[in-house]
Amino acid sequence: TCTPAGITCPANITVNSAPGLCSATVSFSATATGNPAPSITYSQNPGTSFPVGTTTVTATATSTCGTATCSFTVTVVDQTPPTIALVGGDMTLECHGAAFSDPGASASDACADSLPVSVSGSVDVNTVGDYVLAYSAIDPSGNSDSRSRTVHVVDTTPPAISAAGANATIECPAVAAFTPPTAADACDVNAQVVEVGDVTVPGACSGASSRTKTWKAVDAAGNSSATVSQTITIVDTMAPTIGVPGASVTISCPASPVFTAPTGNDGCDSNPE
């Protein structure tokens with residue numbers, strides 16, 4: 001007895017791609033009926049590799065009593081994310097140095113080959129701080145990868161310090177007036193001048209001395225300049241003044257003379273002799 005061939009396909013199949021591949025090996029089977037028993041052929045055989053996407057498979061049952069066909073779909077879903085590779089790693093730049101140039105990044109994907117990489121974030125090379133750049137890439141299936149790079153903007157350059165006032169020699173009893181230097185820094189508009197020394201060496205006479213002040217400049221990052229100094233020497237070259245002695249008088253013997261000594265005055269010496 002000849003019974004026409006019949007065939008029943010499996011339900012539509014959805015599988016994930018193999019790790020790191022843009023395909024998956026898929027097994028399936030259709031069921032054939034009829035007499036004599038039909039042979040089954042497929043437009044793509046079971047146990048073979050199916051690409052990402054949807055493939056329609058047609059199954060055909062063939063016997064001497066005729067043929068029958070059915071079809072179903074095999075969908076391979078890409079679940080492997082792309083991979084971002086940074087060019088270089090974190091970076092350290094000097095404040096107010098060369099302009100920042102992003103070394104960049106690339107993205108590869110098993111199914112899409114190379115992908116564009118998006119970058120967010122910015123770097124201000126004129127301001128000390130840590131700046132994070134975020135890199136991301138998305139493949140056509142919506143899988144994504146992300147990486148980040150930190151750019152450290154640092155200040156290791158000492159501030160500049162101007163000259164202090166010129167050394168000077170003044171006459172006692174004038175008071176020394178010092179002229180401190182000024183500070184300038186590319187990264188810190190508020191760099192400070194700090195006094196680090198104030199030394200007075202007494203002179204050879206009362207009121208005379210040599211006084212030296214020393215300064216340095218310090219910025220917000222703790223960098224220090226070299227020191228500068230100013231010395232002011234106080235001298236006493238003015239002779240003291242003398243008062244009028246007592247009046248000349250004539251006395252009679254045997255009286256003893258009594259003298260009235262003059263007084264001395266000096267701007268630098270409170271006890272002139």
# chains A, B, ... in the order shown; residues from 1 in each chain; ligands from 1
>>> residues_around(residues="segment 134-144 of chain A", least_positions_apart="2", cutoff="8 Å", atoms="only C-alpha atoms", output="count of residues only")
23
>>> select_by_dssp(residues="segment 169-255 of chain A", states="strand (DSSP E or B)", output="PyMOL selection string")
chain A and resi 169-171+183-184+192-202+209-218+224+228-235+241-242
>>> write_last_selection(atoms="N, CA, C and O atoms", output="short mmCIF file (atom, residue, chain, number, x, y, z; two decimals), in the first residue's frame")
data_model
loop_
_atom_site.label_atom_id
_atom_site.label_comp_id
_atom_site.auth_asym_id
_atom_site.auth_seq_id
_atom_site.Cartn_x
_atom_site.Cartn_y
_atom_site.Cartn_z
N THR A 169 71.23 101.11 53.22
CA THR A 169 71.85 101.56 54.47
C THR A 169 71.16 102.86 54.87
O THR A 169 71.03 103.79 54.07
N ILE A 170 70.68 102.89 56.11
CA ILE A 170 69.97 104.07 56.59
C ILE A 170 70.62 104.56 57.88
O ILE A 170 71.35 103.83 58.55
N GLU A 171 70.34 105.81 58.18
CA GLU A 171 70.93 106.43 59.36
C GLU A 171 70.00 106.25 60.56
O GLU A 171 68.79 106.47 60.47
N ALA A 183 54.68 86.96 44.18
CA ALA A 183 54.69 85.59 43.66
C ALA A 183 53.78 85.49 42.45
O ALA A 183 52.76 86.17 42.37
N ALA A 184 54.16 84.64 41.51
CA ALA A 184 53.33 84.36 40.33
C ALA A 184 53.39 82.88 40.03
O ALA A 184 54.45 82.25 40.14
N GLN A 192 51.29 82.38 47.44
CA GLN A 192 51.60 83.23 48.59
C GLN A 192 53.11 83.45 48.73
O GLN A 192 53.91 82.57 48.41
N VAL A 193 53.45 84.63 49.23
CA VAL A 193 54.83 84.91 49.65
C VAL A 193 54.90 84.69 51.16
O VAL A 193 54.12 85.28 51.92
N VAL A 194 55.82 83.84 51.57
CA VAL A 194 55.94 83.48 52.98
C VAL A 194 57.30 83.94 53.50
O VAL A 194 58.34 83.68 52.88
N GLU A 195 57.28 84.63 54.65
CA GLU A 195 58.54 85.04 55.27
C GLU A 195 59.13 83.86 56.01
O GLU A 195 58.48 83.24 56.85
N VAL A 196 60.37 83.53 55.68
CA VAL A 196 61.00 82.35 56.29
C VAL A 196 62.20 82.72 57.17
O VAL A 196 62.80 81.85 57.79
N GLY A 197 62.54 83.99 57.23
CA GLY A 197 63.67 84.38 58.07
C GLY A 197 63.65 85.86 58.39
O GLY A 197 63.23 86.67 57.56
N ASP A 198 64.08 86.20 59.61
CA ASP A 198 64.18 87.60 60.04
C ASP A 198 65.30 87.65 61.07
O ASP A 198 65.10 87.31 62.24
N VAL A 199 66.49 88.03 60.62
CA VAL A 199 67.69 87.96 61.48
C VAL A 199 68.27 89.36 61.64
O VAL A 199 68.50 90.07 60.64
N THR A 200 68.52 89.74 62.90
CA THR A 200 69.14 91.03 63.20
C THR A 200 70.50 90.79 63.85
O THR A 200 70.61 90.04 64.83
N VAL A 201 71.51 91.44 63.29
CA VAL A 201 72.87 91.35 63.85
C VAL A 201 73.23 92.73 64.41
O VAL A 201 73.23 93.72 63.67
N PRO A 202 73.51 92.83 65.75
CA PRO A 202 73.83 94.14 66.34
C PRO A 202 75.08 94.74 65.71
O PRO A 202 76.01 94.02 65.31
N SER A 209 72.69 98.33 63.53
CA SER A 209 72.41 96.90 63.34
C SER A 209 72.30 96.61 61.86
O SER A 209 72.23 97.51 61.02
N SER A 210 72.26 95.32 61.57
CA SER A 210 72.01 94.85 60.20
C SER A 210 70.89 93.82 60.29
O SER A 210 71.00 92.82 61.00
N ARG A 211 69.79 94.07 59.58
CA ARG A 211 68.62 93.19 59.65
C ARG A 211 68.33 92.63 58.26
O ARG A 211 68.25 93.38 57.28
N THR A 212 68.17 91.30 58.19
CA THR A 212 67.92 90.63 56.91
C THR A 212 66.61 89.84 56.99
O THR A 212 66.43 89.02 57.90
N LYS A 213 65.71 90.10 56.05
CA LYS A 213 64.49 89.31 55.92
C LYS A 213 64.59 88.43 54.67
O LYS A 213 65.10 88.88 53.64
N THR A 214 64.04 87.20 54.79
CA THR A 214 64.09 86.22 53.68
C THR A 214 62.69 85.70 53.41
O THR A 214 61.93 85.43 54.35
N TRP A 215 62.35 85.55 52.12
CA TRP A 215 61.02 85.09 51.72
C TRP A 215 61.15 83.96 50.69
O TRP A 215 62.17 83.81 50.00
N LYS A 216 60.05 83.21 50.56
CA LYS A 216 59.89 82.27 49.45
C LYS A 216 58.43 82.32 49.00
O LYS A 216 57.55 82.79 49.75
N ALA A 217 58.18 81.82 47.79
CA ALA A 217 56.82 81.75 47.26
C ALA A 217 56.34 80.29 47.33
O ALA A 217 57.10 79.37 47.07
N VAL A 218 55.07 80.11 47.71
CA VAL A 218 54.48 78.77 47.85
C VAL A 218 53.13 78.76 47.13
O VAL A 218 52.33 79.69 47.30
N SER A 224 57.52 75.11 46.23
CA SER A 224 58.18 76.30 46.78
C SER A 224 59.25 76.80 45.83
O SER A 224 59.95 76.02 45.17
N VAL A 228 64.53 84.66 48.40
CA VAL A 228 65.17 85.95 48.13
C VAL A 228 65.23 86.71 49.44
O VAL A 228 64.43 86.48 50.35
N SER A 229 66.18 87.63 49.54
CA SER A 229 66.39 88.36 50.79
C SER A 229 66.59 89.85 50.54
O SER A 229 66.94 90.27 49.44
N GLN A 230 66.37 90.60 51.59
CA GLN A 230 66.68 92.03 51.59
C GLN A 230 67.33 92.36 52.92
O GLN A 230 66.86 91.94 53.98
N THR A 231 68.43 93.11 52.85
CA THR A 231 69.16 93.50 54.06
C THR A 231 69.15 95.02 54.19
O THR A 231 69.46 95.73 53.23
N ILE A 232 68.79 95.48 55.37
CA ILE A 232 68.84 96.91 55.67
C ILE A 232 69.80 97.12 56.85
O ILE A 232 69.62 96.52 57.92
N THR A 233 70.80 97.95 56.60
CA THR A 233 71.82 98.22 57.62
C THR A 233 71.57 99.61 58.22
O THR A 233 71.41 100.59 57.48
N ILE A 234 71.51 99.64 59.54
CA ILE A 234 71.32 100.92 60.25
C ILE A 234 72.66 101.33 60.84
O ILE A 234 73.29 100.56 61.58
N VAL A 235 73.11 102.53 60.48
CA VAL A 235 74.42 103.00 60.94
C VAL A 235 74.23 104.29 61.76
O VAL A 235 73.20 104.96 61.67
N THR A 241 75.12 115.59 70.19
CA THR A 241 75.15 117.02 70.52
C THR A 241 75.46 117.18 72.02
O THR A 241 75.16 116.28 72.82
N ILE A 242 76.06 118.33 72.37
CA ILE A 242 76.40 118.56 73.79
C ILE A 242 75.74 119.85 74.25
O ILE A 242 75.66 120.84 73.50
#
>>> residues_around(residues="Ile7 of chain A", least_positions_apart="3", cutoff="12 Å", atoms="only C-alpha atoms", output="list in words")
Pro4, Pro10, Ser29, Ala30, Thr31, Ala32, Thr33, Gly34, Ala37, Pro38, Ser39, Ile40, Thr41, Tyr42, Thr58, Ala59, Thr60, Ala61, Thr62, Ser63, Gly66, Thr67, Ala68, Thr69, Cys70 and Ser71 of chain A
>>> closest_residue(among="A:Ser106, A:Cys95, A:Asp236, A:Thr56", to="Gly203 of chain A", atoms="only C-alpha atoms")
A:Asp236
>>> closest_residue(among="A:Val74, A:Gly246, A:Thr25, A:Gly47", to="Ile13 of chain A", atoms="only C-alpha atoms")
A:Val74
>>> residues_around(residues="Val15 of chain A", least_positions_apart="6", cutoff="12 Å", atoms="only C-alpha atoms", output="list of chain:residue names")
A:Cys22, A:Ser23, A:Ala24, A:Thr25, A:Val26, A:Ser27, A:Phe28, A:Ser49, A:Phe50, A:Pro51, A:Val52, A:Gly53, A:Thr54, A:Thr55, A:Thr73, A:Val74, A:Thr75, A:Val76, A:Val77, A:Asp78, A:Gln79
>>> write_last_selection(atoms="all heavy atoms", output="compact mmCIF listing (two decimals), in the first residue's frame")
# COMPACT_ATOMS: atom_id res chain seq x y z
N CYS A 22 30.13 34.55 16.16
CA CYS A 22 28.94 35.15 15.57
C CYS A 22 28.05 34.06 14.97
O CYS A 22 27.45 34.24 13.91
CB CYS A 22 29.36 36.15 14.50
SG CYS A 22 28.02 37.26 14.01
N SER A 23 27.97 32.92 15.64
CA SER A 23 27.20 31.78 15.13
C SER A 23 26.92 30.83 16.28
O SER A 23 27.44 30.99 17.39
CB SER A 23 27.98 31.07 14.02
OG SER A 23 29.20 30.55 14.54
N ALA A 24 26.12 29.82 15.98
CA ALA A 24 25.84 28.77 16.95
C ALA A 24 25.56 27.48 16.19
O ALA A 24 24.98 27.49 15.09
CB ALA A 24 24.66 29.14 17.84
N THR A 25 25.97 26.37 16.77
CA THR A 25 25.66 25.06 16.20
C THR A 25 24.29 24.64 16.73
O THR A 25 24.07 24.60 17.94
CB THR A 25 26.72 24.02 16.58
OG1 THR A 25 27.99 24.45 16.06
CG2 THR A 25 26.36 22.64 16.01
N VAL A 26 23.38 24.33 15.80
CA VAL A 26 21.99 24.06 16.18
C VAL A 26 21.59 22.66 15.68
O VAL A 26 21.80 22.32 14.51
CB VAL A 26 21.03 25.11 15.59
CG1 VAL A 26 19.59 24.84 16.04
CG2 VAL A 26 21.48 26.51 15.98
N SER A 27 21.02 21.89 16.59
CA SER A 27 20.51 20.55 16.25
C SER A 27 18.99 20.56 16.25
O SER A 27 18.36 21.25 17.06
CB SER A 27 21.03 19.51 17.24
OG SER A 27 22.45 19.42 17.18
N PHE A 28 18.41 19.79 15.37
CA PHE A 28 16.95 19.70 15.29
C PHE A 28 16.60 18.47 14.44
O PHE A 28 17.48 17.86 13.80
CB PHE A 28 16.35 20.96 14.65
CG PHE A 28 17.02 21.36 13.36
CD1 PHE A 28 16.68 20.74 12.16
CD2 PHE A 28 18.00 22.34 13.34
CE1 PHE A 28 17.31 21.09 10.97
CE2 PHE A 28 18.63 22.68 12.16
CZ PHE A 28 18.29 22.07 10.96
N SER A 49 26.59 25.01 11.65
CA SER A 49 26.70 26.36 12.23
C SER A 49 25.74 27.31 11.55
O SER A 49 25.77 27.46 10.31
CB SER A 49 28.14 26.87 12.11
OG SER A 49 28.27 28.17 12.63
N PHE A 50 24.93 27.99 12.35
CA PHE A 50 23.99 28.99 11.85
C PHE A 50 24.49 30.38 12.24
O PHE A 50 24.92 30.60 13.38
CB PHE A 50 22.60 28.76 12.42
CG PHE A 50 21.86 27.62 11.80
CD1 PHE A 50 22.19 26.31 12.11
CD2 PHE A 50 20.83 27.85 10.89
CE1 PHE A 50 21.51 25.24 11.53
CE2 PHE A 50 20.15 26.79 10.31
CZ PHE A 50 20.49 25.49 10.62
N PRO A 51 24.45 31.34 11.31
CA PRO A 51 24.93 32.69 11.63
C PRO A 51 23.93 33.45 12.50
O PRO A 51 22.76 33.07 12.60
CB PRO A 51 25.06 33.34 10.25
CG PRO A 51 23.99 32.66 9.44
CD PRO A 51 23.95 31.23 9.93
N VAL A 52 24.44 34.53 13.11
CA VAL A 52 23.54 35.41 13.86
C VAL A 52 22.47 35.94 12.92
O VAL A 52 22.73 36.30 11.77
CB VAL A 52 24.32 36.57 14.50
CG1 VAL A 52 23.40 37.69 14.95
CG2 VAL A 52 25.14 36.07 15.68
N GLY A 53 21.25 35.97 13.40
CA GLY A 53 20.12 36.38 12.58
C GLY A 53 19.14 35.22 12.44
O GLY A 53 19.21 34.23 13.18
N THR A 54 18.23 35.33 11.49
CA THR A 54 17.20 34.31 11.29
C THR A 54 17.40 33.61 9.96
O THR A 54 17.52 34.26 8.92
CB THR A 54 15.79 34.94 11.35
OG1 THR A 54 15.61 35.55 12.64
CG2 THR A 54 14.71 33.89 11.13
N THR A 55 17.46 32.29 10.05
CA THR A 55 17.60 31.45 8.85
C THR A 55 16.36 30.56 8.73
O THR A 55 15.95 29.92 9.70
CB THR A 55 18.85 30.56 8.96
OG1 THR A 55 20.01 31.39 9.13
CG2 THR A 55 19.00 29.69 7.71
N THR A 73 12.07 28.39 11.39
CA THR A 73 13.19 29.34 11.44
C THR A 73 14.14 29.01 12.59
O THR A 73 13.73 28.50 13.64
CB THR A 73 12.70 30.78 11.62
OG1 THR A 73 11.94 30.89 12.83
CG2 THR A 73 11.84 31.22 10.44
N VAL A 74 15.39 29.30 12.34
CA VAL A 74 16.42 29.20 13.38
C VAL A 74 16.98 30.62 13.58
O VAL A 74 17.54 31.20 12.64
CB VAL A 74 17.54 28.23 12.98
CG1 VAL A 74 18.66 28.28 14.03
CG2 VAL A 74 17.00 26.81 12.84
N THR A 75 16.79 31.15 14.75
CA THR A 75 17.27 32.50 15.06
C THR A 75 18.43 32.40 16.05
O THR A 75 18.28 31.84 17.13
CB THR A 75 16.15 33.37 15.65
OG1 THR A 75 15.08 33.45 14.71
CG2 THR A 75 16.66 34.77 15.98
N VAL A 76 19.55 32.95 15.66
CA VAL A 76 20.74 32.98 16.53
C VAL A 76 20.89 34.42 17.03
O VAL A 76 21.01 35.36 16.23
CB VAL A 76 22.00 32.53 15.79
CG1 VAL A 76 23.23 32.63 16.71
CG2 VAL A 76 21.83 31.10 15.29
N VAL A 77 20.85 34.57 18.35
CA VAL A 77 20.91 35.89 18.98
C VAL A 77 22.34 36.19 19.41
O VAL A 77 22.98 35.37 20.09
CB VAL A 77 19.97 35.97 20.20
CG1 VAL A 77 20.07 37.34 20.87
CG2 VAL A 77 18.54 35.68 19.78
N ASP A 78 22.84 37.35 19.01
CA ASP A 78 24.20 37.78 19.39
C ASP A 78 24.15 38.33 20.81
O ASP A 78 23.57 39.40 21.06
CB ASP A 78 24.69 38.84 18.42
CG ASP A 78 26.04 39.43 18.84
OD1 ASP A 78 26.72 38.81 19.67
OD2 ASP A 78 26.40 40.51 18.31
N GLN A 79 24.77 37.64 21.73
CA GLN A 79 24.84 38.12 23.12
C GLN A 79 26.28 38.36 23.56
O GLN A 79 26.56 38.53 24.74
CB GLN A 79 24.16 37.12 24.06
CG GLN A 79 22.65 37.11 23.91
CD GLN A 79 21.95 36.47 25.08
OE1 GLN A 79 22.48 35.53 25.70
NE2 GLN A 79 20.77 36.96 25.41
>>> closest_residue(among="A:Cys2, A:Ala11, A:Val128, A:Cys172", to="Val154 of chain A", atoms="only C-alpha atoms")
A:Val128
>>> atom_distance(atom1="atom CA of Pro180 of chain A", atom2="atom CA of Gly165 of chain A")
6.5 Å
>>> closest_residue(among="A:Val175, A:Cys205, A:Val153, A:Ala221", to="Val189 of chain A", atoms="only C-alpha atoms")
A:Ala221
>>> atom_distance(atom1="atom CA of Ala191 of chain A", atom2="atom CA of Asn126 of chain A")
15.2 Å
>>> closest_residue(among="A:Leu133, A:Ala220, A:Met238, A:Ala255", to="Leu86 of chain A", atoms="only C-alpha atoms")
A:Leu133
>>> atom_distance(atom1="atom CA of Gly97 of chain A", atom2="atom CA of Asp219 of chain A")
16.7 Å
>>> closest_residue(among="A:Asp124, A:Asp188, A:Asp130, A:Asp145", to="Ala98 of chain A", atoms="only C-alpha atoms")
A:Asp124
